[in-house]
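final-v2.cif (mmCIF, C-alpha atoms)
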data_work
#
loop_
_atom_site.group_PDB
_atom_site.id
_atom_site.type_symbol
_atom_site.label_atom_id
_atom_site.label_comp_id
_atom_site.auth_asym_id
_atom_site.auth_seq_id
_atom_site.Cartn_x
_atom_site.Cartn_y
_atom_site.Cartn_z
ATOM 1 C CA MET O 200 76.783 147.335 247.745
ATOM 2 C CA THR O 201 75.315 144.234 246.163
ATOM 3 C CA GLY O 202 75.825 140.634 247.204
ATOM 4 C CA PRO O 203 76.717 137.705 244.993
ATOM 5 C CA ARG O 204 74.411 137.013 242.073
ATOM 6 C CA ARG O 205 71.768 134.413 242.887
ATOM 7 C CA ILE O 206 71.535 131.253 240.806
ATOM 8 C CA ARG O 207 68.490 131.564 238.547
ATOM 9 C CA LEU O 208 66.407 128.372 238.524
ATOM 10 C CA PHE O 209 63.767 127.726 235.871
ATOM 11 C CA LEU O 210 61.516 125.058 237.354
ATOM 12 C CA ASP O 211 59.328 122.760 235.295
ATOM 13 C CA SER O 212 55.802 122.170 236.580
ATOM 14 C CA ASN O 213 56.646 118.695 237.908
ATOM 15 C CA VAL O 214 59.334 120.127 240.217
ATOM 16 C CA LEU O 215 57.142 122.988 241.407
ATOM 17 C CA THR O 216 54.119 120.765 241.996
ATOM 18 C CA GLY O 217 56.243 118.095 243.661
ATOM 19 C CA GLY O 218 57.826 120.635 245.964
ATOM 20 C CA ILE O 219 54.466 122.013 247.017
ATOM 21 C CA VAL O 220 52.694 118.707 247.650
ATOM 22 C CA SER O 221 55.613 116.674 249.028
ATOM 23 C CA PRO O 222 56.521 116.814 252.714
ATOM 24 C CA TRP O 223 60.253 116.634 251.900
ATOM 25 C CA GLY O 224 62.750 115.798 249.150
ATOM 26 C CA PRO O 225 64.836 117.537 246.476
ATOM 27 C CA ASP O 226 61.803 119.344 245.004
ATOM 28 C CA LYS O 227 60.888 120.810 248.404
ATOM 29 C CA ALA O 228 64.561 121.698 249.021
ATOM 30 C CA THR O 229 64.680 123.514 245.677
ATOM 31 C CA LEU O 230 61.629 125.581 246.612
ATOM 32 C CA SER O 231 63.212 126.301 249.996
ATOM 33 C CA LEU O 232 66.287 127.754 248.284
ATOM 34 C CA CYS O 233 64.010 130.014 246.246
ATOM 35 C CA ALA O 234 61.844 130.997 249.228
ATOM 36 C CA ALA O 235 64.966 131.862 251.229
ATOM 37 C CA ARG O 236 66.158 133.856 248.198
ATOM 38 C CA VAL O 237 69.364 131.894 247.956
ATOM 39 C CA CYS O 238 68.294 131.125 244.382
ATOM 40 C CA ARG O 239 66.000 133.114 242.091
ATOM 41 C CA LEU O 240 62.849 131.374 240.833
ATOM 42 C CA VAL O 241 62.295 131.910 237.121
ATOM 43 C CA LEU O 242 58.628 131.122 236.527
ATOM 44 C CA ALA O 243 57.187 130.783 233.042
ATOM 45 C CA GLU O 244 53.528 131.691 232.750
ATOM 46 C CA VAL O 245 52.938 128.392 230.936
ATOM 47 C CA VAL O 246 54.463 126.521 233.900
ATOM 48 C CA ARG O 247 52.543 128.611 236.433
ATOM 49 C CA ASP O 248 49.233 127.824 234.722
ATOM 50 C CA GLU O 249 50.029 124.102 234.596
ATOM 51 C CA VAL O 250 51.017 124.076 238.282
ATOM 52 C CA GLU O 251 47.825 125.859 239.276
ATOM 53 C CA ASP O 252 45.740 123.354 237.277
ATOM 54 C CA ASN O 253 47.628 120.445 238.883
ATOM 55 C CA LEU O 254 47.197 121.862 242.387
ATOM 56 C CA LEU O 255 43.459 122.330 241.886
ATOM 57 C CA LEU O 256 43.162 118.707 240.722
ATOM 58 C CA HIS O 257 45.201 117.559 243.714
ATOM 59 C CA ALA O 258 43.152 119.722 246.095
ATOM 60 C CA GLU O 259 39.895 118.134 244.880
ATOM 61 C CA ARG O 260 41.037 114.825 246.404
ATOM 62 C CA LEU O 261 41.839 116.347 249.802
ATOM 63 C CA PRO O 262 39.643 117.237 252.755
ATOM 64 C CA SER O 263 38.544 120.867 252.562
ATOM 65 C CA ILE O 264 40.912 122.116 255.271
ATOM 66 C CA ASP O 265 43.915 120.405 253.619
ATOM 67 C CA ALA O 266 42.923 121.722 250.190
ATOM 68 C CA ASP O 267 42.733 125.259 251.568
ATOM 69 C CA GLN O 268 46.158 124.825 253.164
ATOM 70 C CA LEU O 269 47.650 123.540 249.900
ATOM 71 C CA ILE O 270 46.418 126.593 247.992
ATOM 72 C CA GLU O 271 47.614 128.921 250.762
ATOM 73 C CA ASP O 272 51.050 127.238 250.747
ATOM 74 C CA TYR O 273 51.290 127.873 247.000
ATOM 75 C CA ARG O 274 50.292 131.534 247.399
ATOM 76 C CA ARG O 275 52.829 131.952 250.203
ATOM 77 C CA LEU O 276 55.555 130.390 248.057
ATOM 78 C CA ILE O 277 54.861 132.881 245.275
ATOM 79 C CA ARG O 278 54.937 135.793 247.744
ATOM 80 C CA LEU O 279 58.196 134.602 249.309
ATOM 81 C CA THR O 280 60.000 133.932 246.043
ATOM 82 C CA THR O 281 58.842 136.975 244.068
ATOM 83 C CA PRO O 282 59.534 135.012 240.900
ATOM 84 C CA GLU O 283 60.919 136.421 237.699
ATOM 85 C CA LEU O 284 57.974 135.890 235.326
ATOM 86 C CA VAL O 285 58.470 134.741 231.738
ATOM 87 C CA PRO O 286 55.568 135.429 229.368
ATOM 88 C CA TYR O 287 54.022 132.863 227.068
ATOM 89 C CA PRO O 288 55.987 132.489 223.829
ATOM 90 C CA ASP O 289 54.300 133.648 220.653
ATOM 91 C CA GLU O 290 52.077 130.935 219.152
ATOM 92 C CA SER O 291 53.786 131.148 215.751
ATOM 93 C CA LEU O 292 57.160 130.557 217.429
ATOM 94 C CA VAL O 293 55.717 127.552 219.265
ATOM 95 C CA ARG O 294 54.505 126.065 215.957
ATOM 96 C CA SER O 295 57.794 126.717 214.155
ATOM 97 C CA SER O 296 59.829 125.276 217.058
ATOM 98 C CA ARG O 297 57.976 121.985 217.325
ATOM 99 C CA HIS O 298 61.055 120.128 216.044
ATOM 100 C CA LEU O 299 63.111 121.088 219.100
ATOM 101 C CA ILE O 300 61.567 118.628 221.555
ATOM 102 C CA ARG O 301 59.702 115.329 221.347
ATOM 103 C CA HIS O 302 56.659 116.219 223.449
ATOM 104 C CA ALA O 303 54.510 118.999 221.917
ATOM 105 C CA ALA O 304 53.273 120.278 225.294
ATOM 106 C CA ASP O 305 56.875 120.986 226.317
ATOM 107 C CA VAL O 306 57.601 123.317 223.377
ATOM 108 C CA PRO O 307 56.310 126.490 225.130
ATOM 109 C CA VAL O 308 58.141 125.464 228.310
ATOM 110 C CA LEU O 309 61.404 124.993 226.409
ATOM 111 C CA LEU O 310 60.961 128.283 224.533
ATOM 112 C CA SER O 311 60.255 130.097 227.818
ATOM 113 C CA ALA O 312 63.415 128.609 229.313
ATOM 114 C CA MET O 313 65.444 129.618 226.267
ATOM 115 C CA ALA O 314 64.081 133.177 226.412
ATOM 116 C CA SER O 315 64.879 133.585 230.109
ATOM 117 C CA LYS O 316 68.417 132.119 229.927
ATOM 118 C CA PRO O 317 68.434 130.653 233.457
ATOM 119 C CA ASP O 318 71.484 129.119 235.076
ATOM 120 C CA TRP O 319 69.610 125.811 235.422
ATOM 121 C CA VAL O 320 66.388 124.231 234.161
ATOM 122 C CA LEU O 321 65.174 121.695 236.710
ATOM 123 C CA THR O 322 62.780 118.964 235.612
ATOM 124 C CA HIS O 323 61.965 115.312 236.179
ATOM 125 C CA ASN O 324 61.009 115.055 232.526
ATOM 126 C CA THR O 325 64.400 113.814 231.386
ATOM 127 C CA LYS O 326 62.842 111.683 228.618
ATOM 128 C CA HIS O 327 61.791 114.876 226.836
ATOM 129 C CA PHE O 328 64.471 117.315 227.998
ATOM 130 C CA THR O 329 67.395 115.201 226.777
ATOM 131 C CA LYS O 330 71.069 116.170 226.531
ATOM 132 C CA MET O 331 70.531 116.833 222.820
ATOM 133 C CA VAL O 332 67.683 119.246 223.627
ATOM 134 C CA ALA O 333 69.845 120.931 226.273
ATOM 135 C CA HIS O 334 72.694 121.314 223.778
ATOM 136 C CA ARG O 335 70.436 122.686 221.021
ATOM 137 C CA ALA O 336 68.800 125.121 223.433
ATOM 138 C CA ALA O 337 72.059 126.070 225.177
ATOM 139 C CA LEU O 338 70.555 125.208 228.567
ATOM 140 C CA ARG O 339 71.817 123.318 231.599
ATOM 141 C CA ILE O 340 68.983 120.858 232.275
ATOM 142 C CA ALA O 341 68.950 118.503 235.260
ATOM 143 C CA THR O 342 66.787 116.893 237.878
ATOM 144 C CA PRO O 343 66.738 118.594 241.282
ATOM 145 C CA ALA O 344 68.876 115.754 242.697
ATOM 146 C CA ALA O 345 71.506 116.230 239.963
ATOM 147 C CA PHE O 346 71.440 119.996 240.590
ATOM 148 C CA PHE O 347 72.157 119.436 244.290
ATOM 149 C CA ARG O 348 75.009 117.050 243.439
ATOM 150 C CA ALA O 349 76.527 119.688 241.122
ATOM 151 C CA LEU O 350 76.012 122.378 243.743
ATOM 152 C CA SER O 351 77.731 120.270 246.402
ATOM 153 C CA THR O 352 80.866 119.994 244.226
ATOM 154 C CA LEU O 353 81.019 123.802 244.005
ATOM 155 C CA LEU O 354 80.924 124.114 247.791
ATOM 156 C CA ARG O 355 83.839 121.772 248.464
#

Conversion result in structure tokens:
Amino acid sequence: MTGPRRIRLFLDSNVLTGGIVSPWGPDKATLSLCAARVCRLVLAEVVRDEVEDNLLLHAERLPSIDADQLIEDYRRLIRLTTPELVPYPDESLVRSSRHLIRHAADVPVLLSAMASKPDWVLTHNTKHFTKMVAHRAALRIATPAAFFRALSTLLR
């Protein structure tokens, strides 16, 4: 017997990084849902690589013991969530899809989200991931706070 299908969340690097480095908030709550396996983390390789780069930069500014803890927290998160990995999109597809989104660095992220067909794409980058982009890509894109507001209406 299987339980209800988990909500699949594609997280942008700013949500993942924010959830790892912040002591509390919607980003951390989102990661908690994934770690508790209430929701399924959909992790694009392009996002994973950006998060790891960001965490290493952040760790450089911390005392050694805190930096080690930050990296261990990230590793533990990945173990707990057992994310659904999305491979890098083909470079030719990235070039031909440049028109889809304003910021060039977000093209592989958007293509990875489109390929994985998550229930939600969570990002703080609402200037780039606009409603028009969401409509064109057939994705539900929101900030973590907006996701929690939508989720709360379902639970009423």

Closest atom pairs, range 208-317 of chain O residues within 9 Å of range 331-342 of chain O, all atoms listed in the file, as JSON lines:
{"residue": "O:Val214", "atom": "CA", "partner": "O:Thr342", "partner_atom": "CA", "distance": 8.5}
{"residue": "O:Pro225", "atom": "CA", "partner": "O:Thr342", "partner_atom": "CA", "distance": 8.8}
{"residue": "O:Leu299", "atom": "CA", "partner": "O:Val332", "partner_atom": "CA", "distance": 6.7}
{"residue": "O:Ile300", "atom": "CA", "partner": "O:Val332", "partner_atom": "CA", "distance": 6.5}
{"residue": "O:Leu309", "atom": "CA", "partner": "O:Ala336", "partner_atom": "CA", "distance": 8.0}
{"residue": "O:Leu310", "atom": "CA", "partner": "O:Ala336", "partner_atom": "CA", "distance": 8.5}
{"residue": "O:Ala312", "atom": "CA", "partner": "O:Leu338", "partner_atom": "CA", "distance": 7.9}
{"residue": "O:Met313", "atom": "CA", "partner": "O:Ala336", "partner_atom": "CA", "distance": 6.3}
{"residue": "O:Lys316", "atom": "CA", "partner": "O:Leu338", "partner_atom": "CA", "distance": 7.4}
{"residue": "O:Pro317", "atom": "CA", "partner": "O:Leu338", "partner_atom": "CA", "distance": 7.6}

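If you look at CA of Leu208 in chain O and CA of Arg247 in chain O, they are 14.0 Å away from each other.
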
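CA of Val245 in chain O lies 8.5 Å from CA of Val285 in chain O.
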
Students should find that CA of Ala303 in chain O and CA of Pro288 in chain O are spaced 13.7 Å

Hits of the PyMOL selection byres ((chain O and resi 228) around 12) in this structure, as a ChimeraX atom specification | /O:214-215,217-219,221-227,229-235,237-238,343-344,346-347

Would you mind listing what lies within 10 Å of Asp289 in chain O as a count of residues only, with only C-alpha atoms counted and same-chain residues fewer than 4 positions away left out?
-> 5

Would you kindly translate the PyMOL selection byres ((chain O and resi 284) around 6) into the concrete residues it picks from this file, as a PyMOL selection string?
-> chain O and resi 242-243+282-283+285

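Distances to Arg278 in chain O were evaluated for O:Arg260, O:Arg236, O:Arg297, O:Ser315 using all atoms listed in the file, and the minimum falls at O:Arg236.
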